[in-house]
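Source file entry-v2.cif; content: mmCIF, C-alpha atoms.
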data_structure
loop_
_atom_site.group_PDB
_atom_site.id
_atom_site.type_symbol
_atom_site.label_atom_id
_atom_site.label_comp_id
_atom_site.auth_asym_id
_atom_site.auth_seq_id
_atom_site.Cartn_x
_atom_site.Cartn_y
_atom_site.Cartn_z
ATOM 1 C CA MET A 1 83.548 131.165 138.311
ATOM 2 C CA LYS A 2 86.144 129.627 136.004
ATOM 3 C CA ARG A 3 84.866 127.372 133.288
ATOM 4 C CA GLY A 4 86.897 124.331 132.196
ATOM 5 C CA PHE A 5 87.442 120.640 132.659
ATOM 6 C CA THR A 6 88.670 119.066 135.834
ATOM 7 C CA LEU A 7 91.568 116.644 135.896
ATOM 8 C CA LEU A 8 89.202 113.760 136.651
ATOM 9 C CA GLU A 9 87.042 114.549 133.623
ATOM 10 C CA MET A 10 90.113 114.659 131.378
ATOM 11 C CA ILE A 11 91.344 111.290 132.707
ATOM 12 C CA ILE A 12 87.935 109.692 132.099
ATOM 13 C CA VAL A 13 87.790 111.000 128.523
ATOM 14 C CA MET A 14 91.348 109.859 127.773
ATOM 15 C CA THR A 15 90.570 106.405 129.221
ATOM 16 C CA VAL A 16 87.503 106.026 127.020
ATOM 17 C CA ILE A 17 89.482 107.084 123.934
ATOM 18 C CA ALA A 18 92.267 104.615 124.799
ATOM 19 C CA ILE A 19 89.787 101.760 125.242
ATOM 20 C CA LEU A 20 88.143 102.518 121.887
ATOM 21 C CA PHE A 21 91.559 102.650 120.229
ATOM 22 C CA LEU A 22 92.597 99.310 121.723
ATOM 23 C CA LEU A 23 89.366 97.701 120.554
ATOM 24 C CA THR A 24 89.919 98.754 116.932
ATOM 25 C CA ILE A 25 93.572 97.664 116.551
ATOM 26 C CA PRO A 26 92.947 93.877 116.303
ATOM 27 C CA ASN A 27 90.096 94.455 113.880
ATOM 28 C CA THR A 28 92.300 96.557 111.612
ATOM 29 C CA GLN A 29 95.133 94.012 111.662
ATOM 30 C CA ASN A 30 92.728 91.199 110.800
ATOM 31 C CA SER A 31 91.357 93.217 107.885
ATOM 32 C CA LEU A 32 94.867 93.740 106.526
ATOM 33 C CA LYS A 33 95.601 90.000 106.688
ATOM 34 C CA VAL A 34 92.389 89.187 104.829
ATOM 35 C CA ALA A 35 93.110 91.822 102.184
ATOM 36 C CA ASN A 36 96.636 90.493 101.611
ATOM 37 C CA THR A 37 95.366 86.915 101.323
ATOM 38 C CA LYS A 38 92.614 87.844 98.879
ATOM 39 C CA GLY A 39 95.025 89.996 96.884
ATOM 40 C CA CYS A 40 97.459 87.110 96.506
ATOM 41 C CA GLU A 41 94.652 84.745 95.493
ATOM 42 C CA ALA A 42 93.585 87.225 92.813
ATOM 43 C CA GLN A 43 97.186 87.529 91.583
ATOM 44 C CA LEU A 44 97.421 83.731 91.309
ATOM 45 C CA LYS A 45 94.297 83.748 89.116
ATOM 46 C CA VAL A 46 95.864 86.408 86.887
ATOM 47 C CA VAL A 47 98.964 84.258 86.441
ATOM 48 C CA ASP A 48 96.827 81.165 85.751
ATOM 49 C CA THR A 49 94.991 83.097 83.037
ATOM 50 C CA ALA A 50 98.294 84.221 81.512
ATOM 51 C CA ILE A 51 99.483 80.591 81.539
ATOM 52 C CA LEU A 52 96.412 79.489 79.597
ATOM 53 C CA GLN A 53 96.776 82.327 77.112
ATOM 54 C CA TYR A 54 100.447 81.523 76.573
ATOM 55 C CA MET A 55 99.789 77.796 76.125
ATOM 56 C CA LEU A 56 97.090 78.481 73.543
ATOM 57 C CA ALA A 57 99.058 81.100 71.631
ATOM 58 C CA GLU A 58 102.412 79.286 71.635
ATOM 59 C CA ASP A 59 101.001 75.731 71.425
ATOM 60 C CA THR A 60 103.248 74.492 74.221
ATOM 61 C CA GLN A 61 102.803 72.375 77.325
ATOM 62 C CA SER A 62 105.582 73.875 79.439
ATOM 63 C CA VAL A 63 105.391 77.391 80.849
ATOM 64 C CA SER A 64 107.742 79.338 83.097
ATOM 65 C CA MET A 65 107.360 82.733 84.708
ATOM 66 C CA SER A 66 110.230 84.125 82.649
ATOM 67 C CA SER A 67 108.579 83.020 79.398
ATOM 68 C CA LEU A 68 105.333 84.753 80.410
ATOM 69 C CA VAL A 69 107.213 87.959 81.164
ATOM 70 C CA SER A 70 109.324 87.880 78.021
ATOM 71 C CA ALA A 71 106.258 87.193 75.844
ATOM 72 C CA GLY A 72 104.451 90.165 77.405
ATOM 73 C CA TYR A 73 101.661 88.289 79.145
ATOM 74 C CA LEU A 74 102.856 89.493 82.557
ATOM 75 C CA ASN A 75 105.210 92.130 83.873
ATOM 76 C CA GLU A 76 107.890 91.577 86.504
ATOM 77 C CA ARG A 77 105.741 92.886 89.373
ATOM 78 C CA GLN A 78 102.972 90.401 88.601
ATOM 79 C CA GLY A 79 105.305 87.563 89.535
ATOM 80 C CA TYR A 80 105.012 88.468 93.208
ATOM 81 C CA CYS A 81 102.193 88.625 95.726
ATOM 82 C CA HIS A 82 101.455 91.814 97.634
ATOM 83 C CA ASP A 83 103.497 90.610 100.601
ATOM 84 C CA GLY A 84 106.562 90.146 98.367
ATOM 85 C CA SER A 85 106.523 86.354 98.151
ATOM 86 C CA PRO A 86 107.276 85.058 94.654
ATOM 87 C CA ILE A 87 104.724 83.218 92.558
ATOM 88 C CA THR A 88 106.017 80.010 91.028
ATOM 89 C CA ILE A 89 104.583 77.790 88.330
ATOM 90 C CA VAL A 90 104.290 74.074 89.138
ATOM 91 C CA ASP A 91 102.625 71.760 86.625
ATOM 92 C CA ASN A 92 101.308 74.795 84.728
ATOM 93 C CA GLN A 93 99.550 76.118 87.841
ATOM 94 C CA ALA A 94 100.503 79.267 89.727
ATOM 95 C CA THR A 95 101.399 78.668 93.370
ATOM 96 C CA GLN A 96 102.736 80.824 96.143
#
What does the file become when written as structure tokens?
Amino acid sequence: MKRGFTLLEMIIVMTVIAILFLLTIPNTQNSLKVANTKGCEAQLKVVDTAILQYMLAEDTQSVSMSSLVSAGYLNERQGYCHDGSPITIVDNQATQ
């Protein structure tokens, strides 16, 4: 007698695998959105900290992203969130 799987058994297994795969896709996409949001929030806090350091060291009330980069408080990449959107400074607060 030959040993092996029947076509019906293979179809059932493939269906179960496909259902499990389809159940995990939305969960993974949601996790990526949350990670990007939290990453951008953390980057905004880094820029806010650099603004405070710059204001204290330079004794100034006006700060721009270019002045933070040129003074060495931030590098060019830190002026952008993970999704590529630029961080701007409005009223000495970092915003996206």
**Q.** Protein, DNA and RNA residues within 8 Å of (101.3, 87.3, 80.1), only C-alpha atoms, as a list of chain:residue names
**A.**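 Looking at atoms near the point gives A:Val47, A:Ala50, A:Ile51, A:Gln53, A:Tyr54, A:Leu68, A:Val69, A:Ala71, A:Gly72, A:Tyr73, A:Leu74, A:Asn75.
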Where's the centre, and what are the edge lengths in Å to one decimal, of a box along x, y and z enclosing all listed atoms of region 57-68 of chain A padded 8 Å per side, as AutoDock Vina command-line options?
--center_x 104.6 --center_y 78.6 --center_z 78.1 --size_x 27.2 --size_y 28.4 --size_z 29.3
Q. What does the distance between CA of Glu76 (chain A) and CA of Gly39 (chain A) come to in Å, to one decimal place?
A. 16.6 Å
Q. Closest to Thr60 (chain A) among A:Gln29, A:Thr15, A:Asn92, A:Thr24, using all atoms listed in the file?
A. A:Asn92
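Among A:Leu32, A:Gly4, A:Ala94, A:Gly84, the residue with the shortest atom-to-atom distance to Leu52 (chain A), counting all atoms listed in the file, is A:Ala94.
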Q. Mind pulling up the distance from CA of Thr49 (chain A) to CA of Ser66 (chain A)?
A. 15.3 Å
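Shell of Met65 (chain A) at 8 Å, with all atoms listed in the file counted and residues fewer than 2 places along the chain excluded, is A:Val63, A:Ser67, A:Leu68, A:Val69, A:Gly79, A:Thr88, A:Ile89.
The interatomic distance for the pair CA of Val34 (chain A) and CA of Asp91 (chain A) works out to 27.2 Å.
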Q: Apply the PyMOL selection byres ((chain A and resi 96) around 8) to the structure shown and report the selected residues as a ChimeraX atom specification.
A: /A:44,81,85-88,94-95
Q: Show which residues sit within 9 Å of Asp83 (chain A), as a VMD selection string. Count all atoms listed in the file, and ignore same-chain residues fewer than 3 positions away.
A: chain A and resid 36 to 37 40 80 86
